[in-house]
file target02.csv (CSV, C-alpha atoms)
chain,number,residue,atom,x,y,z
A,73,MET,CA,92.0,88.3,103.5
A,74,LEU,CA,94.6,88.8,100.7
A,75,SER,CA,92.4,91.5,99.2
A,76,ILE,CA,92.4,93.4,102.5
A,77,ILE,CA,96.2,93.1,102.9
A,78,TYR,CA,96.8,94.3,99.3
A,79,GLY,CA,94.3,97.1,99.7
A,80,LEU,CA,96.0,98.4,102.8
A,81,LEU,CA,99.4,98.1,101.1
A,82,SER,CA,98.0,100.0,98.1
A,83,ALA,CA,96.7,102.8,100.5
A,84,THR,CA,100.1,102.9,102.3
A,85,SER,CA,102.0,103.1,99.0
A,86,TRP,CA,99.7,105.7,97.4
A,87,GLY,CA,99.7,107.8,100.6
A,88,ALA,CA,103.4,107.8,100.9
A,89,GLY,CA,103.6,108.6,97.2
A,90,ASP,CA,101.3,111.6,97.7
A,91,PHE,CA,103.6,112.8,100.4
A,92,ALA,CA,106.6,112.6,98.1
A,93,GLY,CA,104.4,114.0,95.3
A,94,GLY,CA,103.6,117.0,97.4
A,95,LEU,CA,107.2,117.7,98.0
A,96,ALA,CA,107.9,117.3,94.3
A,97,SER,CA,105.1,119.7,93.4
A,98,ARG,CA,106.7,122.3,95.6
A,99,LYS,CA,109.8,122.1,93.4
A,100,LEU,CA,108.3,121.4,90.0
A,101,GLY,CA,104.7,122.4,90.1
A,102,ALA,CA,101.9,119.9,90.2
A,103,TYR,CA,101.6,119.2,86.5
A,104,ARG,CA,105.2,118.5,85.9
A,105,ALA,CA,105.4,116.4,89.1
A,106,VAL,CA,102.5,114.2,87.8
A,107,PHE,CA,104.0,114.0,84.4
A,108,TYR,CA,107.4,112.8,85.6
A,109,SER,CA,105.8,110.4,88.1
A,110,ASP,CA,103.8,108.9,85.3
A,111,ILE,CA,106.6,108.6,82.8
A,112,ILE,CA,109.2,107.2,85.2
A,113,GLY,CA,106.6,104.8,86.5
A,114,LEU,CA,105.8,103.7,83.0
A,115,LEU,CA,109.5,103.1,82.2
A,116,LEU,CA,109.9,101.1,85.5
A,117,VAL,CA,107.0,98.8,84.8
A,118,LEU,CA,108.1,98.3,81.2
A,119,PHE,CA,111.5,97.2,82.5
A,120,ILE,CA,109.9,94.8,85.0
A,121,SER,CA,107.7,93.4,82.3
A,122,THR,CA,110.7,92.3,80.3
A,123,ILE,CA,111.6,90.1,83.3
A,124,TYR,CA,108.2,88.8,84.1
A,125,ARG,CA,106.9,88.2,80.6
A,126,GLU,CA,103.1,88.2,80.4
A,127,ALA,CA,100.7,87.3,77.5
A,128,LEU,CA,99.4,90.1,75.4
A,129,PRO,CA,96.2,91.6,76.8
A,130,THR,CA,92.8,91.0,75.2
A,131,THR,CA,90.9,93.9,73.6
A,132,PHE,CA,88.7,94.0,76.7
A,133,ILE,CA,91.6,94.4,79.0
A,134,PHE,CA,93.3,97.0,76.8
A,135,ILE,CA,90.2,99.2,76.5
A,136,ASN,CA,89.3,99.1,80.2
A,137,ALA,CA,92.9,99.7,81.4
A,138,ALA,CA,93.3,102.6,79.0
A,139,ILE,CA,90.0,104.2,80.1
A,140,GLY,CA,90.9,103.7,83.7
A,141,GLY,CA,94.3,105.3,83.2
A,142,MET,CA,92.9,108.4,81.5
A,143,LEU,CA,90.1,108.8,84.1
A,144,GLY,CA,92.7,108.6,86.9
A,145,THR,CA,94.8,111.3,85.3
A,146,PHE,CA,91.7,113.5,84.8
A,147,GLY,CA,91.0,113.0,88.5
A,148,LEU,CA,94.5,114.3,89.4
A,149,LEU,CA,94.1,117.3,87.1
A,150,PHE,CA,90.7,118.2,88.5
A,151,LEU,CA,92.0,117.7,92.1
A,152,TYR,CA,95.1,119.9,91.6
A,153,THR,CA,93.0,122.6,89.9
A,154,SER,CA,90.6,122.6,92.8
A,155,LEU,CA,93.5,122.7,95.3
A,156,SER,CA,95.2,125.6,93.4
A,157,GLN,CA,92.0,127.6,93.8
A,158,GLY,CA,92.3,127.4,97.6
A,159,ARG,CA,89.5,124.9,98.2
A,160,MET,CA,91.5,122.2,100.1
A,161,SER,CA,88.9,121.8,102.8
A,162,ILE,CA,86.4,120.8,100.1
A,163,ALA,CA,88.6,119.1,97.5
A,164,ALA,CA,90.3,116.6,99.7
A,165,PRO,CA,87.3,115.0,101.6
A,166,VAL,CA,84.8,115.2,98.7
A,167,SER,CA,87.2,113.7,96.1
A,168,ALA,CA,88.4,110.9,98.4
A,169,LEU,CA,84.8,110.1,99.5
A,170,PHE,CA,83.4,109.8,96.0
A,171,ALA,CA,86.4,107.8,94.9
A,172,ALA,CA,85.4,105.1,97.4
A,173,LEU,CA,81.6,105.5,97.3
A,174,LEU,CA,81.0,104.9,93.6
A,175,PRO,CA,82.9,101.5,93.5
A,176,VAL,CA,80.8,100.5,96.6
A,177,ILE,CA,77.6,101.2,94.6
A,178,VAL,CA,78.9,99.4,91.5
A,179,GLY,CA,80.0,96.5,93.6
A,180,LEU,CA,76.5,96.0,95.0
A,181,PHE,CA,75.1,95.6,91.5
A,182,THR,CA,77.9,93.5,90.0
A,183,GLN,CA,79.1,91.4,92.9
A,184,GLY,CA,76.0,91.2,95.1
A,185,LEU,CA,75.5,92.3,98.7
A,186,PRO,CA,78.4,92.1,101.1
A,187,THR,CA,78.1,90.5,104.5
A,188,LEU,CA,76.6,92.5,107.4
A,189,PHE,CA,80.0,93.1,109.0
A,190,GLN,CA,81.4,94.2,105.6
A,191,PHE,CA,78.5,96.5,105.1
A,192,ILE,CA,79.0,98.2,108.5
A,193,GLY,CA,82.7,98.3,107.7
A,194,PHE,CA,82.0,100.4,104.6
A,195,GLY,CA,80.3,102.9,106.8
A,196,PHE,CA,83.3,103.2,109.1
A,197,ALA,CA,85.7,103.3,106.2
A,198,LEU,CA,83.8,106.0,104.3
A,199,ALA,CA,83.6,108.1,107.5
A,200,ALA,CA,87.4,107.5,108.0
A,201,ILE,CA,88.2,108.8,104.5
A,202,TRP,CA,86.2,111.9,105.1
A,203,LEU,CA,87.6,112.6,108.6
A,204,ILE,CA,91.2,111.9,107.7
A,205,SER,CA,91.0,114.2,104.6
A,206,GLN,CA,89.7,117.1,106.7
A,207,GLY,CA,93.1,118.4,107.4
A,208,GLN,CA,94.1,120.6,110.3
A,209,ALA,CA,91.4,121.5,112.9
A,210,THR,CA,91.5,125.1,111.6
A,211,GLU,CA,90.4,124.0,108.2
A,212,ARG,CA,86.7,123.5,108.1
A,213,PHE,CA,84.5,122.2,105.3
A,214,ARG,CA,83.0,125.4,104.0
A,215,LEU,CA,80.6,125.3,101.0
A,216,GLU,CA,79.7,128.8,99.8
A,217,HIS,CA,78.4,127.8,96.4
A,218,LEU,CA,77.3,124.5,94.9
A,219,ALA,CA,79.8,125.2,92.1
A,220,ASP,CA,82.6,124.7,94.6
A,221,LEU,CA,81.7,121.0,94.5
A,222,ARG,CA,82.1,120.6,90.8
A,223,LEU,CA,85.9,120.1,90.5
A,224,PRO,CA,86.2,117.9,93.7
A,225,LEU,CA,83.3,115.7,92.4
A,226,LEU,CA,84.9,115.4,89.0
A,227,ALA,CA,88.2,114.4,90.7
A,228,GLY,CA,86.4,111.8,92.8
A,229,LEU,CA,84.6,110.4,89.8
A,230,GLY,CA,87.9,110.2,87.9
A,231,PHE,CA,89.5,108.3,90.7
A,232,ALA,CA,86.4,106.1,91.1
A,233,GLY,CA,86.5,105.4,87.4
A,234,TYR,CA,90.1,104.4,87.7
A,235,PHE,CA,89.2,101.8,90.4
A,236,ILE,CA,86.3,100.4,88.5
A,237,PHE,CA,87.9,100.1,85.1
A,238,LEU,CA,91.2,98.7,86.4
A,239,HIS,CA,89.2,96.2,88.4
A,240,ARG,CA,87.4,95.2,85.2
A,241,ALA,CA,90.8,95.0,83.4
A,242,SER,CA,92.4,92.8,86.0
A,243,ASN,CA,89.6,90.8,87.6
A,244,GLY,CA,89.4,87.2,86.3
A,245,SER,CA,92.9,87.6,84.6
A,246,ASP,CA,96.4,86.6,85.8
A,247,LEU,CA,97.9,89.7,84.1
A,248,ILE,CA,99.4,92.2,86.5
A,249,PHE,CA,101.8,94.4,84.7
A,250,MET,CA,100.0,94.7,81.3
A,251,PRO,CA,97.0,96.6,82.8
A,252,ILE,CA,99.4,98.9,84.6
A,253,ILE,CA,101.5,99.5,81.4
A,254,ILE,CA,98.4,100.3,79.4
A,255,SER,CA,96.8,102.6,82.0
A,256,ARG,CA,100.0,104.4,82.7
A,257,ALA,CA,100.7,104.9,79.0
A,258,ALA,CA,97.3,106.4,78.5
A,259,GLY,CA,97.6,108.6,81.5
A,260,THR,CA,101.1,109.7,80.5
A,261,LEU,CA,100.0,110.7,77.0
A,262,LEU,CA,97.2,112.7,78.5
A,263,ILE,CA,99.3,114.6,81.0
A,264,LEU,CA,101.9,115.2,78.3
A,265,ILE,CA,99.3,116.9,76.2
A,266,VAL,CA,98.4,119.1,79.2
A,267,VAL,CA,102.0,120.1,80.0
A,268,LEU,CA,102.6,120.9,76.3
A,269,ALA,CA,99.4,123.0,76.2
A,270,ARG,CA,100.5,124.9,79.3
A,271,ARG,CA,104.0,125.4,77.8
A,272,ASP,CA,105.6,124.3,81.0
A,273,SER,CA,109.3,123.8,81.2
A,274,PHE,CA,110.5,120.2,81.3
A,275,VAL,CA,113.6,121.1,83.4
A,276,VAL,CA,113.9,119.3,86.7
A,277,PRO,CA,116.1,120.9,89.4
A,278,ARG,CA,118.9,118.5,90.5
A,279,ASP,CA,117.7,118.5,94.1
A,280,ALA,CA,114.2,117.4,93.1
A,281,TRP,CA,115.1,114.1,91.4
A,282,GLY,CA,115.1,112.2,94.8
A,283,VAL,CA,111.5,113.0,95.6
A,284,VAL,CA,110.4,112.6,92.0
A,285,LEU,CA,111.8,109.1,91.8
A,286,THR,CA,110.4,108.2,95.2
A,287,ASN,CA,107.0,109.5,94.1
A,288,ALA,CA,107.1,107.5,90.9
A,289,VAL,CA,108.1,104.2,92.6
A,290,LEU,CA,105.5,104.5,95.4
A,291,ASP,CA,102.7,105.5,93.0
A,292,LEU,CA,103.6,102.5,90.9
A,293,GLY,CA,103.4,100.3,94.0
A,294,GLY,CA,100.0,101.6,94.8
A,295,ASN,CA,98.8,100.6,91.3
A,296,LEU,CA,100.4,97.2,91.6
A,297,PHE,CA,98.8,96.4,95.0
A,298,PHE,CA,95.4,97.7,93.9
A,299,ILE,CA,95.4,95.3,91.0
A,300,LEU,CA,96.4,92.4,93.3
A,301,ALA,CA,93.6,93.4,95.7
A,302,SER,CA,91.2,93.5,92.8
A,303,GLN,CA,92.2,90.0,91.6
A,304,ALA,CA,92.0,88.6,95.2
A,305,GLY,CA,88.6,90.0,96.2
A,306,ARG,CA,85.7,92.4,95.8
A,307,LEU,CA,85.9,95.7,94.0
A,308,ASP,CA,84.2,97.6,96.8
A,309,ILE,CA,86.5,96.4,99.5
A,310,SER,CA,89.6,96.9,97.4
A,311,ALA,CA,88.6,100.5,96.4
A,312,VAL,CA,87.5,101.5,99.9
A,313,LEU,CA,90.7,100.3,101.5
A,314,SER,CA,92.9,101.8,98.8
A,315,SER,CA,91.1,105.1,99.3
A,316,LEU,CA,92.4,105.3,102.8
A,317,TYR,CA,95.6,106.6,101.4
A,318,PRO,CA,95.2,110.1,103.1
A,319,GLY,CA,95.9,108.3,106.4
A,320,SER,CA,99.5,107.4,105.5
A,321,THR,CA,100.1,110.9,104.0
A,322,VAL,CA,98.9,112.5,107.3
A,323,ILE,CA,101.1,110.2,109.4
A,324,LEU,CA,104.2,110.8,107.2
A,325,ALA,CA,103.6,114.6,107.4
A,326,TRP,CA,103.4,114.3,111.1
A,327,ILE,CA,106.6,112.3,111.4
A,328,PHE,CA,108.8,114.2,108.9
A,329,LEU,CA,107.2,117.7,108.6
A,330,LYS,CA,106.1,117.9,112.2
A,331,GLU,CA,102.5,118.7,111.1
A,332,LYS,CA,100.0,118.2,113.8
A,333,ILE,CA,97.3,115.5,113.5
A,334,SER,CA,93.9,117.0,114.4
A,335,PHE,CA,91.5,115.3,116.8
A,336,THR,CA,89.2,114.8,113.8
A,337,GLN,CA,91.9,112.9,111.9
A,338,ILE,CA,92.6,110.7,115.0
A,339,ILE,CA,88.9,109.7,115.0
A,340,GLY,CA,89.2,109.0,111.3
A,341,ILE,CA,92.3,106.8,111.8
A,342,VAL,CA,90.4,104.9,114.6
A,343,SER,CA,87.4,104.5,112.3
A,344,ALA,CA,89.7,103.1,109.6
A,345,LEU,CA,91.1,100.5,112.0
A,346,ILE,CA,87.5,99.5,113.0
A,347,ALA,CA,86.6,99.1,109.4
A,348,ILE,CA,89.6,96.9,108.7
A,349,VAL,CA,88.7,94.6,111.6
A,350,LEU,CA,85.1,94.4,110.3
A,351,PHE,CA,86.2,93.5,106.8
A,352,THR,CA,88.1,90.5,108.2
A,353,LEU,CA,85.1,89.0,110.1
call {"tool": "encode", "arguments": {"input": "target02.csv", "output": "structure tokens"}}
result
Amino acid sequence: MLSIIYGLLSATSWGAGDFAGGLASRKLGAYRAVFYSDIIGLLLVLFISTIYREALPTTFIFINAAIGGMLGTFGLLFLYTSLSQGRMSIAAPVSALFAALLPVIVGLFTQGLPTLFQFIGFGFALAAIWLISQGQATERFRLEHLADLRLPLLAGLGFAGYFIFLHRASNGSDLIFMPIIISRAAGTLLILIVVLARRDSFVVPRDAWGVVLTNAVLDLGGNLFFILASQAGRLDISAVLSSLYPGSTVILAWIFLKEKISFTQIIGIVSALIAIVLFTL
């Protein structure tokens, strides 16, 4: 039950973070928004770790957390590149679906078969991720060339890799902040290299700091709750529930930006609720 609660909190935090990150991207550009979210989150977790002192991580934890952090950052870069090319109707659902699907497959081999209710719940949850990510009713999934799937697939695989390797780094360990520090440091270094290569400005407009800080805190919260979910239960359930983050993004956009929720997204939200109930049985 704790794994389900933490997974939902992770999805809520990440979804709200994406909402703030979207606002930050409008002011800074996507790459700088990701960079400042990563580095501020790293500084925050370093400060927290000075209060809650943890043991040094093993080599196994260090390697897995670092790989997970870099894969997660690669996922963001591929996703934003795909979105910048005007393929939102493909990028959002495909990347979110594969981010959840691969951990389910890995979980079957590493943790055994789930219960029948959990198995049915995966079906509802994966359908929910797809439907919620579809966007407005006027945006339809249109695939003109198989090459259009390349970047969304790579983004989904990057996010899935983050889930899998962070689970490996945190499962069976009582370390919470060390895996986040390592993964965030690896991701920050990677995005720094990208920003420098693009020769982007590091200047942040004064009116953008609010959403930048909000994005950093919420993104860090998503990482924290995912690790707690991984420690409390199965990889597949933790990853699938955490991947429901588009739901909270959609709801916040509906509340604050007055964006309409399509009928497809409503069905997706209902499917997510059914999946959550099935996971608890």
call {"tool": "residues_around", "arguments": {"input": "target02.csv", "residues": "Leu324 (chain A)", "least_positions_apart": "2", "cutoff": "12 Å", "atoms": "only C-alpha atoms", "output": "ChimeraX atom specification"}}
result
/A:84-92,94-95,317-322,326-333
call {"tool": "residues_near_point", "arguments": {"input": "target02.csv", "point": "(88.4, 101.2, 86.7)", "cutoff": "12 Å", "atoms": "all atoms listed in the file", "output": "PDB file with C-alpha atoms, keeping the file's coordinate frame"}}
result
ATOM      1  CA  ILE A 133      91.600  94.400  79.000  1.00  0.00           C
ATOM      2  CA  PHE A 134      93.300  97.000  76.800  1.00  0.00           C
ATOM      3  CA  ILE A 135      90.200  99.200  76.500  1.00  0.00           C
ATOM      4  CA  ASN A 136      89.300  99.100  80.200  1.00  0.00           C
ATOM      5  CA  ALA A 137      92.900  99.700  81.400  1.00  0.00           C
ATOM      6  CA  ALA A 138      93.300 102.600  79.000  1.00  0.00           C
ATOM      7  CA  ILE A 139      90.000 104.200  80.100  1.00  0.00           C
ATOM      8  CA  GLY A 140      90.900 103.700  83.700  1.00  0.00           C
ATOM      9  CA  GLY A 141      94.300 105.300  83.200  1.00  0.00           C
ATOM     10  CA  MET A 142      92.900 108.400  81.500  1.00  0.00           C
ATOM     11  CA  LEU A 143      90.100 108.800  84.100  1.00  0.00           C
ATOM     12  CA  GLY A 144      92.700 108.600  86.900  1.00  0.00           C
ATOM     13  CA  ALA A 171      86.400 107.800  94.900  1.00  0.00           C
ATOM     14  CA  ALA A 172      85.400 105.100  97.400  1.00  0.00           C
ATOM     15  CA  LEU A 174      81.000 104.900  93.600  1.00  0.00           C
ATOM     16  CA  PRO A 175      82.900 101.500  93.500  1.00  0.00           C
ATOM     17  CA  VAL A 178      78.900  99.400  91.500  1.00  0.00           C
ATOM     18  CA  GLY A 179      80.000  96.500  93.600  1.00  0.00           C
ATOM     19  CA  LEU A 229      84.600 110.400  89.800  1.00  0.00           C
ATOM     20  CA  GLY A 230      87.900 110.200  87.900  1.00  0.00           C
ATOM     21  CA  PHE A 231      89.500 108.300  90.700  1.00  0.00           C
ATOM     22  CA  ALA A 232      86.400 106.100  91.100  1.00  0.00           C
ATOM     23  CA  GLY A 233      86.500 105.400  87.400  1.00  0.00           C
ATOM     24  CA  TYR A 234      90.100 104.400  87.700  1.00  0.00           C
ATOM     25  CA  PHE A 235      89.200 101.800  90.400  1.00  0.00           C
ATOM     26  CA  ILE A 236      86.300 100.400  88.500  1.00  0.00           C
ATOM     27  CA  PHE A 237      87.900 100.100  85.100  1.00  0.00           C
ATOM     28  CA  LEU A 238      91.200  98.700  86.400  1.00  0.00           C
ATOM     29  CA  HIS A 239      89.200  96.200  88.400  1.00  0.00           C
ATOM     30  CA  ARG A 240      87.400  95.200  85.200  1.00  0.00           C
ATOM     31  CA  ALA A 241      90.800  95.000  83.400  1.00  0.00           C
ATOM     32  CA  SER A 242      92.400  92.800  86.000  1.00  0.00           C
ATOM     33  CA  ASN A 243      89.600  90.800  87.600  1.00  0.00           C
ATOM     34  CA  PRO A 251      97.000  96.600  82.800  1.00  0.00           C
ATOM     35  CA  ILE A 252      99.400  98.900  84.600  1.00  0.00           C
ATOM     36  CA  SER A 255      96.800 102.600  82.000  1.00  0.00           C
ATOM     37  CA  ASN A 295      98.800 100.600  91.300  1.00  0.00           C
ATOM     38  CA  PHE A 298      95.400  97.700  93.900  1.00  0.00           C
ATOM     39  CA  ILE A 299      95.400  95.300  91.000  1.00  0.00           C
ATOM     40  CA  SER A 302      91.200  93.500  92.800  1.00  0.00           C
ATOM     41  CA  LEU A 307      85.900  95.700  94.000  1.00  0.00           C
ATOM     42  CA  ASP A 308      84.200  97.600  96.800  1.00  0.00           C
ATOM     43  CA  SER A 310      89.600  96.900  97.400  1.00  0.00           C
ATOM     44  CA  ALA A 311      88.600 100.500  96.400  1.00  0.00           C
TER      45      ALA A 311
END
call {"tool": "residues_around", "arguments": {"input": "target02.csv", "residues": "Ala347 (chain A)", "least_positions_apart": "4", "cutoff": "7 Å", "atoms": "all atoms listed in the file", "output": "PyMOL selection string"}}
result
chain A and resi 193-194+196-197+343+351
call {"tool": "residues_around", "arguments": {"input": "target02.csv", "residues": "Trp281 (chain A)", "least_positions_apart": "3", "cutoff": "12 Å", "atoms": "all atoms listed in the file", "output": "short mmCIF file (atom, residue, chain, number, x, y, z; two decimals) with C-alpha atoms, in the frame of the given file"}}
result
data_model
loop_
_atom_site.label_atom_id
_atom_site.label_comp_id
_atom_site.auth_asym_id
_atom_site.auth_seq_id
_atom_site.Cartn_x
_atom_site.Cartn_y
_atom_site.Cartn_z
CA ALA A 92 106.60 112.60 98.10
CA GLY A 93 104.40 114.00 95.30
CA LEU A 95 107.20 117.70 98.00
CA ALA A 96 107.90 117.30 94.30
CA SER A 97 105.10 119.70 93.40
CA LYS A 99 109.80 122.10 93.40
CA LEU A 100 108.30 121.40 90.00
CA ALA A 105 105.40 116.40 89.10
CA TYR A 108 107.40 112.80 85.60
CA SER A 109 105.80 110.40 88.10
CA ILE A 112 109.20 107.20 85.20
CA VAL A 275 113.60 121.10 83.40
CA VAL A 276 113.90 119.30 86.70
CA PRO A 277 116.10 120.90 89.40
CA ARG A 278 118.90 118.50 90.50
CA VAL A 284 110.40 112.60 92.00
CA LEU A 285 111.80 109.10 91.80
CA THR A 286 110.40 108.20 95.20
CA ASN A 287 107.00 109.50 94.10
CA ALA A 288 107.10 107.50 90.90
#
call {"tool": "atom_distance", "arguments": {"input": "target02.csv", "atom1": "CA of Gly101 (chain A)", "atom2": "CA of Ile265 (chain A)"}}
result
15.9 Å
